[in-house]
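Text of structure.txt, listed as compact mmCIF, C-alpha atoms:
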```
# COMPACT_ATOMS: atom_id res chain seq x y z
CA MET A 1444 3.58 12.37 -5.41
CA ASN A 1445 2.29 8.82 -5.19
CA PRO A 1446 -0.03 8.15 -8.19
CA PHE A 1447 -1.61 5.19 -6.38
CA ARG A 1448 -3.26 7.55 -3.93
CA PHE A 1449 -5.77 8.38 -6.69
CA ALA A 1450 -6.92 4.77 -6.50
CA ALA A 1451 -8.44 5.57 -3.10
CA PRO A 1452 -12.17 6.37 -3.49
CA PRO A 1453 -12.03 9.39 -1.10
CA VAL A 1454 -9.34 10.95 -3.32
CA PHE A 1455 -10.75 9.87 -6.68
CA TYR A 1456 -14.35 10.95 -6.00
CA PRO A 1457 -13.67 14.72 -5.82
CA LEU A 1458 -11.08 14.47 -8.63
CA ALA A 1459 -13.68 12.84 -10.91
CA GLY A 1460 -16.12 15.59 -9.97
CA ARG A 1461 -13.63 18.27 -11.01
CA LEU A 1462 -12.75 16.54 -14.30
CA LEU A 1463 -16.32 15.75 -15.29
CA PRO A 1464 -17.37 19.21 -16.62
CA TRP A 1465 -14.20 19.47 -18.72
CA PHE A 1466 -14.75 16.13 -20.44
CA THR A 1467 -18.44 16.90 -20.95
CA ALA A 1468 -17.64 20.30 -22.50
CA ALA A 1469 -14.93 18.74 -24.70
CA ALA A 1470 -17.38 16.07 -25.89
CA VAL A 1471 -20.01 18.66 -26.83
CA LEU A 1472 -17.55 20.99 -28.59
CA LEU A 1473 -15.86 18.17 -30.51
CA ALA A 1474 -19.23 16.70 -31.54
CA VAL A 1475 -20.41 20.10 -32.81
CA ALA A 1476 -17.14 20.56 -34.73
CA GLY A 1477 -17.28 17.00 -36.08
CA LEU A 1478 -20.88 17.34 -37.25
CA TYR A 1479 -20.08 20.70 -38.86
CA VAL A 1480 -17.16 19.21 -40.79
CA GLY A 1481 -19.09 16.00 -41.54
CA PHE A 1482 -22.23 17.67 -42.86
CA GLY A 1483 -21.08 21.16 -43.83
CA ILE A 1484 -17.65 20.65 -45.38
CA ALA A 1485 -17.11 16.97 -46.30
CA PRO A 1486 -18.20 16.28 -49.89
CA THR A 1487 -20.81 13.77 -51.03
CA ASP A 1488 -19.35 10.32 -51.71
CA PHE A 1489 -19.24 9.55 -55.43
CA GLN A 1490 -20.33 5.93 -54.89
CA GLN A 1491 -22.59 5.94 -51.83
CA GLY A 1492 -24.04 9.43 -52.06
CA GLU A 1493 -25.21 11.08 -48.82
CA VAL A 1494 -25.75 7.92 -46.82
CA TYR A 1495 -22.02 7.48 -46.21
CA ARG A 1496 -22.33 10.27 -43.59
CA ILE A 1497 -23.44 7.55 -41.16
CA ILE A 1498 -19.68 6.89 -40.94
CA PHE A 1499 -19.37 9.87 -38.56
CA ILE A 1500 -21.26 7.96 -35.86
CA HIS A 1501 -20.80 4.34 -36.96
CA VAL A 1502 -16.99 4.21 -36.94
CA PRO A 1503 -16.45 6.20 -33.70
CA SER A 1504 -19.04 4.10 -31.85
CA ALA A 1505 -17.55 0.84 -33.17
CA TRP A 1506 -14.05 1.94 -32.16
CA MET A 1507 -15.24 2.97 -28.70
CA ALA A 1508 -17.14 -0.30 -28.21
CA MET A 1509 -13.89 -2.20 -28.76
CA PHE A 1510 -11.64 0.22 -26.91
CA ILE A 1511 -13.85 0.41 -23.81
CA TYR A 1512 -13.78 -3.37 -23.56
CA LEU A 1513 -9.97 -3.31 -23.69
CA VAL A 1514 -9.91 -0.70 -20.92
CA MET A 1515 -12.31 -2.85 -18.91
CA ALA A 1516 -9.98 -5.82 -19.35
CA GLY A 1517 -7.10 -3.63 -18.08
CA TYR A 1518 -9.12 -2.71 -15.00
CA ALA A 1519 -10.06 -6.40 -14.62
CA VAL A 1520 -6.35 -7.26 -14.35
CA LEU A 1521 -5.91 -4.58 -11.69
CA THR A 1522 -8.95 -5.95 -9.85
CA LEU A 1523 -7.71 -9.53 -9.88
CA VAL A 1524 -4.01 -8.90 -9.28
CA TRP A 1525 -3.97 -5.90 -6.95
CA ARG A 1526 -7.55 -6.24 -5.68
CA SER A 1527 -8.03 -2.57 -6.37
CA LYS A 1528 -11.50 -1.48 -5.30
CA LEU A 1529 -11.59 1.50 -7.65
CA SER A 1530 -10.62 -0.64 -10.67
CA ALA A 1531 -13.62 -2.89 -10.11
CA MET A 1532 -15.83 0.17 -9.84
CA MET A 1533 -14.38 1.60 -13.07
CA CYS A 1534 -15.09 -1.73 -14.80
CA ARG A 1535 -18.71 -1.48 -13.75
CA ALA A 1536 -18.88 2.17 -14.74
CA LEU A 1537 -17.55 1.56 -18.25
CA ALA A 1538 -19.71 -1.45 -19.18
CA PRO A 1539 -23.03 0.34 -19.86
CA THR A 1540 -21.34 2.98 -22.05
CA GLY A 1541 -19.52 0.24 -23.96
CA ALA A 1542 -22.81 -1.59 -24.45
CA ILE A 1543 -24.47 1.58 -25.75
CA MET A 1544 -21.58 2.16 -28.16
CA ALA A 1545 -21.94 -1.44 -29.41
CA VAL A 1546 -25.70 -0.97 -29.89
CA ILE A 1547 -25.14 2.29 -31.78
CA ALA A 1548 -22.45 0.65 -33.96
CA LEU A 1549 -24.69 -2.33 -34.76
CA LEU A 1550 -27.82 -0.32 -35.49
CA THR A 1551 -26.14 2.42 -37.52
CA GLY A 1552 -24.29 -0.34 -39.38
CA ALA A 1553 -27.60 -2.02 -40.18
CA ILE A 1554 -29.09 1.29 -41.32
CA TRP A 1555 -26.04 1.88 -43.50
CA GLY A 1556 -26.04 -1.69 -44.77
CA LYS A 1557 -29.56 -1.56 -46.18
CA PRO A 1558 -28.97 1.07 -48.91
CA THR A 1559 -25.41 -0.07 -49.68
CA TRP A 1560 -25.58 -3.89 -49.39
CA GLY A 1561 -29.32 -4.31 -49.81
CA ALA A 1562 -29.60 -6.06 -46.42
CA TRP A 1563 -30.02 -4.87 -42.85
CA TRP A 1564 -27.95 -7.74 -41.51
CA VAL A 1565 -25.68 -10.50 -42.77
CA TRP A 1566 -24.02 -13.21 -40.68
CA ASP A 1567 -20.69 -11.75 -41.51
CA ALA A 1568 -17.50 -12.12 -39.40
CA ARG A 1569 -17.31 -8.43 -38.43
CA LEU A 1570 -21.01 -8.10 -37.65
CA THR A 1571 -21.25 -11.36 -35.75
CA SER A 1572 -18.19 -10.66 -33.59
CA THR A 1573 -19.53 -7.17 -32.81
CA LEU A 1574 -22.85 -8.72 -31.78
CA ILE A 1575 -20.91 -11.06 -29.48
CA LEU A 1576 -19.20 -7.98 -28.01
CA LEU A 1577 -22.62 -6.55 -27.20
CA PHE A 1578 -23.59 -9.86 -25.54
CA LEU A 1579 -20.36 -9.74 -23.52
CA TYR A 1580 -21.20 -6.26 -22.26
CA LEU A 1581 -24.75 -7.29 -21.39
CA GLY A 1582 -23.46 -10.50 -19.84
CA TYR A 1583 -20.98 -8.58 -17.70
CA MET A 1584 -23.66 -6.21 -16.42
CA ALA A 1585 -26.14 -8.99 -15.72
CA LEU A 1586 -23.44 -11.08 -14.06
CA VAL A 1587 -22.29 -8.45 -11.56
CA ALA A 1588 -25.91 -7.53 -10.87
CA ALA A 1589 -26.83 -11.20 -10.33
CA ILE A 1590 -23.98 -11.78 -7.90
CA ASP A 1591 -24.77 -8.61 -6.00
CA ASP A 1592 -28.25 -10.02 -5.60
CA THR A 1593 -29.18 -12.83 -3.23
CA THR A 1594 -29.64 -15.74 -5.61
CA ARG A 1595 -26.04 -15.30 -6.75
CA ALA A 1596 -24.11 -18.15 -8.29
CA ASP A 1597 -26.96 -20.19 -9.76
CA ARG A 1598 -28.24 -17.21 -11.73
CA ALA A 1599 -24.71 -16.34 -12.72
CA GLY A 1600 -24.17 -19.92 -13.83
CA ALA A 1601 -27.34 -19.89 -15.90
CA LEU A 1602 -26.24 -16.65 -17.44
CA MET A 1603 -22.83 -18.03 -18.35
CA THR A 1604 -24.43 -21.09 -19.93
CA PHE A 1605 -26.76 -18.81 -21.87
CA LEU A 1606 -23.83 -16.74 -23.05
CA ALA A 1607 -21.84 -19.84 -23.96
CA LEU A 1608 -24.70 -21.36 -25.93
CA TRP A 1609 -25.56 -18.18 -27.76
CA THR A 1610 -22.04 -17.18 -28.63
CA GLY A 1611 -21.38 -20.74 -29.75
CA ALA A 1612 -24.55 -20.75 -31.82
CA LEU A 1613 -23.73 -17.41 -33.38
CA TRP A 1614 -20.29 -18.57 -34.36
CA GLY A 1615 -21.67 -21.85 -35.65
CA LYS A 1616 -24.15 -20.10 -37.93
CA PRO A 1617 -21.99 -18.53 -40.62
CA THR A 1618 -20.05 -20.35 -43.27
CA TRP A 1619 -16.96 -18.35 -43.93
CA GLY A 1620 -15.76 -19.76 -47.24
CA ALA A 1621 -12.02 -19.21 -46.86
CA TRP A 1622 -10.79 -21.09 -43.80
CA TRP A 1623 -7.77 -20.12 -41.80
CA VAL A 1624 -6.31 -21.37 -38.56
CA TRP A 1625 -8.68 -19.14 -36.67
CA ASP A 1626 -11.71 -20.57 -38.42
CA ALA A 1627 -15.16 -19.86 -37.10
CA ARG A 1628 -15.84 -23.29 -35.61
CA LEU A 1629 -12.47 -23.42 -33.87
CA THR A 1630 -12.78 -19.87 -32.55
CA SER A 1631 -16.28 -20.51 -31.30
CA GLU A 1632 -15.18 -23.66 -29.49
CA LEU A 1633 -12.32 -21.77 -27.90
CA LEU A 1634 -14.68 -19.00 -26.87
CA LEU A 1635 -17.01 -21.61 -25.41
CA LEU A 1636 -14.15 -23.17 -23.50
CA PHE A 1637 -13.08 -19.80 -22.12
CA LEU A 1638 -16.63 -19.08 -21.05
CA TYR A 1639 -16.78 -22.36 -19.18
CA VAL A 1640 -13.43 -21.61 -17.56
CA GLY A 1641 -14.87 -18.25 -16.57
CA PHE A 1642 -17.87 -20.01 -15.10
CA ILE A 1643 -15.73 -22.42 -13.10
CA ALA A 1644 -13.67 -19.52 -11.76
CA LEU A 1645 -16.91 -17.81 -10.86
CA GLN A 1646 -18.16 -20.84 -8.98
CA ALA A 1647 -14.87 -21.00 -7.11
CA ALA A 1648 -15.33 -17.48 -5.83
CA SER A 1649 -16.65 -18.14 -2.33
CA ASP A 1650 -18.29 -16.01 0.34
CA ASP A 1651 -16.45 -12.82 -0.30
CA PRO A 1652 -18.24 -9.50 -0.46
CA ARG A 1653 -16.30 -8.52 -3.57
CA ARG A 1654 -16.86 -11.71 -5.52
CA GLY A 1655 -19.09 -9.85 -7.99
CA ASP A 1656 -16.08 -7.71 -8.86
CA ARG A 1657 -13.86 -10.71 -9.34
CA ALA A 1658 -16.41 -12.67 -11.36
CA GLY A 1659 -16.99 -9.65 -13.58
CA ALA A 1660 -13.24 -9.21 -13.99
CA VAL A 1661 -12.89 -12.84 -15.08
CA LEU A 1662 -15.64 -12.40 -17.66
CA ALA A 1663 -14.09 -9.15 -18.91
CA LEU A 1664 -10.77 -10.93 -19.39
CA VAL A 1665 -12.35 -13.96 -21.03
CA GLY A 1666 -14.29 -11.79 -23.43
CA VAL A 1667 -11.32 -9.68 -24.47
CA VAL A 1668 -10.33 -12.42 -26.91
CA ASN A 1669 -13.26 -11.23 -29.02
CA VAL A 1670 -11.79 -7.74 -29.60
CA PRO A 1671 -8.91 -8.75 -31.92
CA ILE A 1672 -11.36 -11.07 -33.68
CA ILE A 1673 -13.59 -8.08 -34.43
CA TYR A 1674 -10.69 -5.89 -35.49
CA PHE A 1675 -9.00 -8.42 -37.76
CA SER A 1676 -12.17 -10.14 -38.99
CA VAL A 1677 -12.14 -8.09 -42.18
CA ARG A 1678 -8.65 -9.39 -42.94
CA TRP A 1679 -9.01 -12.97 -41.72
CA TRP A 1680 -12.23 -13.78 -43.51
CA ASN A 1681 -13.97 -12.87 -46.72
CA THR A 1682 -16.57 -10.46 -45.43
CA LEU A 1683 -19.12 -8.13 -46.90
CA HIS A 1684 -17.95 -5.45 -44.51
CA GLN A 1685 -15.42 -2.99 -45.90
CA GLY A 1686 -11.82 -3.01 -44.69
CA ALA A 1687 -10.37 -0.80 -41.96
CA SER A 1688 -11.41 2.86 -42.34
CA VAL A 1689 -8.10 4.17 -41.04
CA SER A 1690 -4.70 2.49 -41.06
CA LEU A 1691 -1.55 3.64 -39.34
CA THR A 1692 0.61 2.13 -42.07
CA ALA A 1693 -1.25 3.25 -45.21
CA SER A 1694 -2.40 6.63 -46.46
CA PRO A 1695 -6.13 7.32 -45.95
CA LYS A 1696 -8.50 6.16 -48.68
CA MET A 1697 -11.06 8.88 -48.01
CA ALA A 1698 -11.04 12.66 -48.54
CA SER A 1699 -9.20 14.57 -45.83
CA THR A 1700 -12.35 16.44 -44.76
CA MET A 1701 -14.21 13.13 -44.33
CA LEU A 1702 -11.32 11.81 -42.24
CA THR A 1703 -11.19 15.02 -40.18
CA GLY A 1704 -14.92 14.80 -39.45
CA MET A 1705 -14.61 11.16 -38.45
CA LEU A 1706 -11.62 11.78 -36.19
CA LEU A 1707 -13.34 14.75 -34.52
CA MET A 1708 -16.42 12.61 -33.86
CA SER A 1709 -14.18 9.83 -32.54
CA LEU A 1710 -12.56 12.24 -30.09
CA ALA A 1711 -16.04 13.42 -29.08
CA ALA A 1712 -17.07 9.79 -28.45
CA TRP A 1713 -13.91 9.30 -26.42
CA MET A 1714 -14.57 12.38 -24.28
CA TYR A 1715 -18.20 11.37 -23.85
CA ALA A 1716 -17.25 7.85 -22.74
CA ILE A 1717 -14.80 9.24 -20.16
CA ALA A 1718 -17.39 11.74 -18.88
CA ALA A 1719 -20.10 9.05 -18.63
CA ALA A 1720 -17.73 6.66 -16.85
CA LEU A 1721 -16.63 9.36 -14.38
CA HIS A 1722 -20.24 10.28 -13.69
CA ARG A 1723 -21.26 6.65 -13.18
CA VAL A 1724 -18.26 5.76 -11.03
CA ARG A 1725 -19.12 8.62 -8.68
CA SER A 1726 -22.57 7.07 -8.15
CA ILE A 1727 -21.03 3.61 -7.65
CA ILE A 1728 -18.54 5.02 -5.10
CA LEU A 1729 -21.40 6.64 -3.18
CA GLN A 1730 -23.40 3.39 -3.17
CA ARG A 1731 -20.48 1.25 -2.08
CA GLU A 1732 -18.93 3.64 0.43
CA ARG A 1733 -22.16 5.02 1.83
CA HIS A 1734 -21.42 3.68 5.31
CA THR A 1735 -18.07 5.42 5.52
CA ARG A 1736 -17.53 8.63 7.41
CA TRP A 1737 -16.12 10.56 4.45
CA VAL A 1738 -19.21 9.91 2.27
CA ARG A 1739 -21.58 10.89 5.05
CA GLN A 1740 -19.66 14.07 5.62
CA LEU A 1741 -20.09 14.96 1.95
CA PHE A 1742 -23.82 15.42 2.46
CA ALA A 1743 -23.80 16.63 6.03
CA MET B 210 -32.56 8.67 -54.01
CA ILE B 211 -31.27 11.62 -51.99
CA GLU B 212 -34.50 11.77 -49.98
CA SER B 213 -34.29 8.09 -49.07
CA HIS B 214 -30.63 8.54 -48.09
CA LEU B 215 -31.59 11.45 -45.87
CA SER B 216 -34.23 9.35 -44.16
CA TYR B 217 -31.60 6.68 -43.39
CA LEU B 218 -29.34 9.40 -42.01
CA ALA B 219 -32.17 10.84 -39.92
CA VAL B 220 -32.97 7.43 -38.42
CA ALA B 221 -29.29 6.69 -37.66
CA TYR B 222 -28.57 10.06 -36.07
CA GLY B 223 -31.94 10.16 -34.33
CA PHE B 224 -31.36 6.76 -32.79
CA THR B 225 -27.87 7.74 -31.63
CA ALA B 226 -29.16 10.93 -30.03
CA LEU B 227 -31.93 8.96 -28.32
CA ALA B 228 -29.49 6.33 -26.99
CA ILE B 229 -27.18 9.01 -25.57
CA ALA B 230 -30.11 10.95 -24.09
CA ILE B 231 -31.37 7.79 -22.36
CA GLU B 232 -27.92 7.10 -20.94
CA CYS B 233 -27.64 10.68 -19.65
CA VAL B 234 -31.08 10.50 -17.99
CA VAL B 235 -30.20 7.17 -16.36
CA LEU B 236 -26.85 8.58 -15.18
CA LEU B 237 -28.52 11.58 -13.56
CA ARG B 238 -31.24 9.45 -11.98
CA THR B 239 -28.73 6.97 -10.58
CA ARG B 240 -26.71 9.80 -9.11
CA ARG B 241 -29.79 11.30 -7.45
CA GLN B 242 -30.79 7.89 -6.05
CA SER B 243 -27.28 7.32 -4.69
CA ILE B 244 -27.29 10.64 -2.88
CA GLU B 245 -30.78 9.96 -1.50
CA GLN B 246 -29.66 6.54 -0.29
CA VAL B 247 -26.66 8.01 1.53
CA ARG B 248 -28.83 10.65 3.20
CA ARG B 249 -31.60 8.18 4.11
CA GLU B 250 -29.26 5.64 5.66
CA ARG B 251 -27.33 8.30 7.53
CA ASP B 252 -30.58 9.68 8.96
CA LEU B 253 -31.75 6.17 9.91
CA ASP B 254 -28.47 5.47 11.67
CA LEU B 255 -28.75 8.76 13.53
CA ASP B 256 -32.31 7.88 14.59
CA ASP B 257 -31.13 4.46 15.80
CA HIS B 258 -28.37 6.16 17.73
CA TYR B 259 -30.79 8.56 19.47
CA GLU B 260 -33.26 5.75 20.15
CA SER B 261 -30.60 3.65 21.80
CA ILE B 262 -29.66 6.62 24.04
CA ALA B 263 -33.30 7.31 24.89
CA ASP B 264 -34.13 3.64 25.54
CA PRO B 265 -34.90 3.27 29.31
CA ARG B 266 -33.37 -0.23 29.25
CA ASN B 267 -30.05 1.39 28.47
CA GLU B 268 -30.43 3.71 31.45
CA ALA B 269 -31.34 0.77 33.68
CA ALA B 270 -28.28 -1.04 32.55
CA THR B 271 -26.14 1.95 33.45
CA PRO B 272 -24.76 1.63 36.98
```

Would you write the structure of this file as structure tokens?
Amino acid sequence: MNPFRFAAPPVFYPLAGRLLPWFTAAAVLLAVAGLYVGFGIAPTDFQQGEVYRIIFIHVPSAWMAMFIYLVMAGYAVLTLVWRSKLSAMMCRALAPTGAIMAVIALLTGAIWGKPTWGAWWVWDARLTSTLILLFLYLGYMALVAAIDDTTRADRAGALMTFLALWTGALWGKPTWGAWWVWDARLTSELLLLFLYVGFIALQAASDDPRRGDRAGAVLALVGVVNVPIIYFSVRWWNTLHQGASVSLTASPKMASTMLTGMLLMSLAAWMYAIAAALHRVRSIILQRERHTRWVRQLFA
Amino acid sequence: MIESHLSYLAVAYGFTALAIAIECVVLLRTRRQSIEQVRRERDLDLDDHYESIADPRNEAATP
């Protein structure tokens, strides 16, 4: 069996439709189990009290925000190298869910930060890089929408400049204290450079109907540099944010029931993200392929 | 102390539920719009097709 045949929209569309209820059901069941363990079994934290239970949504959403962007970057490579139509559609389908995960991670983090740190927000390496991730998601969505629209490249260019200025400004804001090779100013300048390179590549994309896909793929690839920065920020810089919640090399620092609840909720977030992406990509396939015979026959 | 912690928890979980509910509503709406668009354009194309057959200029052009 040729696995590449699933990359054809007429084959993938019904497959996604069949998988969708399973992922939705798995997301609901895992979320119920995770909330039961998180609220019914996991003990109260001796330092933070009850408020630590925000971890059961904060950590899964933060993980998914990073992971979805990595998956988008993978699809971006497929879009640029193999010009796969479905990969570009999957990129578009994943972006809104990734953005929502980033929003949830940032807001639940702020709500958790207030009682534990005494502040809703600090210009901390982890928080700032996660905010930049949110901007990258929003930038991606606005970019592909702008290029699909008639005013095209000038709006996209303005957007890229906006992104470049804001991400640069956000990185310029904090003073990290302990400097390393990847210091904030240097990283921000590199990010700025990559954004400009992305913009130039975008401008170079000429009158092709799928230039929105390619431009979005370039931005997804440019922005992926931010993901390791988020992940390692708690190690590279002195931050207020706590270290990694789970490590593959060290034994867990939290009670096993807390960890179980968090992992169940993470799996639920994973299943939800897949279900949402499958649902959205089906709509995108219908919109893009609406003039084809096979789509019209679906609703005959 | 516990009450204030519970209010933080309620806000965090309430916001998350709201965000997911909004995404689900948007997903369903987009799907409905996509299906409507396919049906509308297919019907329009069919109408155009029938009009072009019924157009007397087409008959005149036919030898």

Would you mind listing, for every residue of chain A within 6 Å of chain B, the two atoms forming the shortest contact and the distance between them in Å to one decimal, using all atoms listed in the file, sorted by chain and ascending residue number, as a Markdown table?
```
| residue | atom | partner | partner_atom | distance |
| --- | --- | --- | --- | --- |
| A:Val1494 | CA | B:His214 | CA | 5.1 |
| A:Thr1551 | CA | B:Ala221 | CA | 5.3 |
| A:Ser1726 | CA | B:Arg240 | CA | 5.1 |
| A:Gln1730 | CA | B:Ser243 | CA | 5.7 |
| A:Arg1733 | CA | B:Val247 | CA | 5.4 |
```

- Task: Take atom CA of A:Phe1499 and atom CA of B:Leu227 and report the distance between them in Å, one decimal.
- Result: 16.2 Å

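Here atom CA of A:Thr1467 stands at a distance of 11.8 Å from atom CA of A:Leu1710.
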
- Expressed in Å to a single decimal, how great is the separation between atom CA of A:Tyr1479 and atom CA of A:Glu1493? 14.8 Å

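Counting all atoms listed in the file, the residue from A:Met1701, A:Ile1500, A:Ile1543, A:Ala1588 that sits nearest to A:Ala1485 is A:Met1701.
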
- Message: So that I can see what lies close to A:Arg1731, please list as a PyMOL selection string the residues with an atom at most 12 Å from it, counting only C-alpha atoms and leaving out residues fewer than 2 positions away in the same chain.
- Response: (chain A and resi 1452-1453+1528-1529+1531-1532+1591+1652-1653+1724-1729+1733-1735+1738) or (chain B and resi 243-244+246-247)

Keeping only C-alpha atoms, write those residues as a short mmCIF file (atom, residue, chain, number, x, y, z; two decimals), keeping the file's coordinate frame.
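Ended up saving to selection-v4.cif:
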```
data_model
loop_
_atom_site.label_atom_id
_atom_site.label_comp_id
_atom_site.auth_asym_id
_atom_site.auth_seq_id
_atom_site.Cartn_x
_atom_site.Cartn_y
_atom_site.Cartn_z
CA PRO A 1452 -12.17 6.37 -3.49
CA PRO A 1453 -12.03 9.39 -1.10
CA LYS A 1528 -11.50 -1.48 -5.30
CA LEU A 1529 -11.59 1.50 -7.65
CA ALA A 1531 -13.62 -2.89 -10.11
CA MET A 1532 -15.83 0.17 -9.84
CA ASP A 1591 -24.77 -8.61 -6.00
CA PRO A 1652 -18.24 -9.50 -0.46
CA ARG A 1653 -16.30 -8.52 -3.57
CA VAL A 1724 -18.26 5.76 -11.03
CA ARG A 1725 -19.12 8.62 -8.68
CA SER A 1726 -22.57 7.07 -8.15
CA ILE A 1727 -21.03 3.61 -7.65
CA ILE A 1728 -18.54 5.02 -5.10
CA LEU A 1729 -21.40 6.64 -3.18
CA ARG A 1733 -22.16 5.02 1.83
CA HIS A 1734 -21.42 3.68 5.31
CA THR A 1735 -18.07 5.42 5.52
CA VAL A 1738 -19.21 9.91 2.27
CA SER B 243 -27.28 7.32 -4.69
CA ILE B 244 -27.29 10.64 -2.88
CA GLN B 246 -29.66 6.54 -0.29
CA VAL B 247 -26.66 8.01 1.53
#
```

Generate the missing atoms of stretch 241-255 of chain B up to N, CA and C atoms and report them as a PDB file, keeping the file's coordinate frame.
```pdb
ATOM      1  N   ARG B 241     -28.830  10.768  -8.429  1.00  0.00           N
ATOM      2  CA  ARG B 241     -29.790  11.300  -7.450  1.00  0.00           C
ATOM      3  C   ARG B 241     -30.178  10.219  -6.442  1.00  0.00           C
ATOM      4  N   GLN B 242     -30.413   8.992  -6.942  1.00  0.00           N
ATOM      5  CA  GLN B 242     -30.790   7.890  -6.050  1.00  0.00           C
ATOM      6  C   GLN B 242     -29.667   7.564  -5.069  1.00  0.00           C
ATOM      7  N   SER B 243     -28.420   7.617  -5.565  1.00  0.00           N
ATOM      8  CA  SER B 243     -27.280   7.320  -4.690  1.00  0.00           C
ATOM      9  C   SER B 243     -27.187   8.328  -3.557  1.00  0.00           C
ATOM     10  N   ILE B 244     -27.365   9.591  -3.907  1.00  0.00           N
ATOM     11  CA  ILE B 244     -27.290  10.640  -2.880  1.00  0.00           C
ATOM     12  C   ILE B 244     -28.426  10.475  -1.875  1.00  0.00           C
ATOM     13  N   GLU B 245     -29.631  10.167  -2.393  1.00  0.00           N
ATOM     14  CA  GLU B 245     -30.780   9.960  -1.500  1.00  0.00           C
ATOM     15  C   GLU B 245     -30.537   8.796  -0.557  1.00  0.00           C
ATOM     16  N   GLN B 246     -29.930   7.727  -1.108  1.00  0.00           N
ATOM     17  CA  GLN B 246     -29.660   6.540  -0.290  1.00  0.00           C
ATOM     18  C   GLN B 246     -28.676   6.861   0.837  1.00  0.00           C
ATOM     19  N   VAL B 247     -27.637   7.622   0.503  1.00  0.00           N
ATOM     20  CA  VAL B 247     -26.660   8.010   1.530  1.00  0.00           C
ATOM     21  C   VAL B 247     -27.348   8.808   2.624  1.00  0.00           C
ATOM     22  N   ARG B 248     -28.157   9.784   2.212  1.00  0.00           N
ATOM     23  CA  ARG B 248     -28.830  10.650   3.200  1.00  0.00           C
ATOM     24  C   ARG B 248     -29.810   9.854   4.066  1.00  0.00           C
ATOM     25  N   ARG B 249     -30.585   8.969   3.393  1.00  0.00           N
ATOM     26  CA  ARG B 249     -31.600   8.180   4.110  1.00  0.00           C
ATOM     27  C   ARG B 249     -30.945   7.288   5.155  1.00  0.00           C
ATOM     28  N   GLU B 250     -29.900   6.579   4.732  1.00  0.00           N
ATOM     29  CA  GLU B 250     -29.260   5.640   5.660  1.00  0.00           C
ATOM     30  C   GLU B 250     -28.545   6.368   6.789  1.00  0.00           C
ATOM     31  N   ARG B 251     -27.991   7.527   6.476  1.00  0.00           N
ATOM     32  CA  ARG B 251     -27.330   8.300   7.530  1.00  0.00           C
ATOM     33  C   ARG B 251     -28.365   8.757   8.553  1.00  0.00           C
ATOM     34  N   ASP B 252     -29.533   9.236   8.053  1.00  0.00           N
ATOM     35  CA  ASP B 252     -30.580   9.680   8.960  1.00  0.00           C
ATOM     36  C   ASP B 252     -31.113   8.523   9.805  1.00  0.00           C
ATOM     37  N   LEU B 253     -31.271   7.339   9.172  1.00  0.00           N
ATOM     38  CA  LEU B 253     -31.750   6.170   9.910  1.00  0.00           C
ATOM     39  C   LEU B 253     -30.775   5.784  11.013  1.00  0.00           C
ATOM     40  N   ASP B 254     -29.493   5.804  10.675  1.00  0.00           N
ATOM     41  CA  ASP B 254     -28.470   5.470  11.670  1.00  0.00           C
ATOM     42  C   ASP B 254     -28.481   6.465  12.813  1.00  0.00           C
ATOM     43  N   LEU B 255     -28.685   7.735  12.485  1.00  0.00           N
ATOM     44  CA  LEU B 255     -28.750   8.760  13.530  1.00  0.00           C
ATOM     45  C   LEU B 255     -29.953   8.513  14.433  1.00  0.00           C
TER      46      LEU B 255
END
```
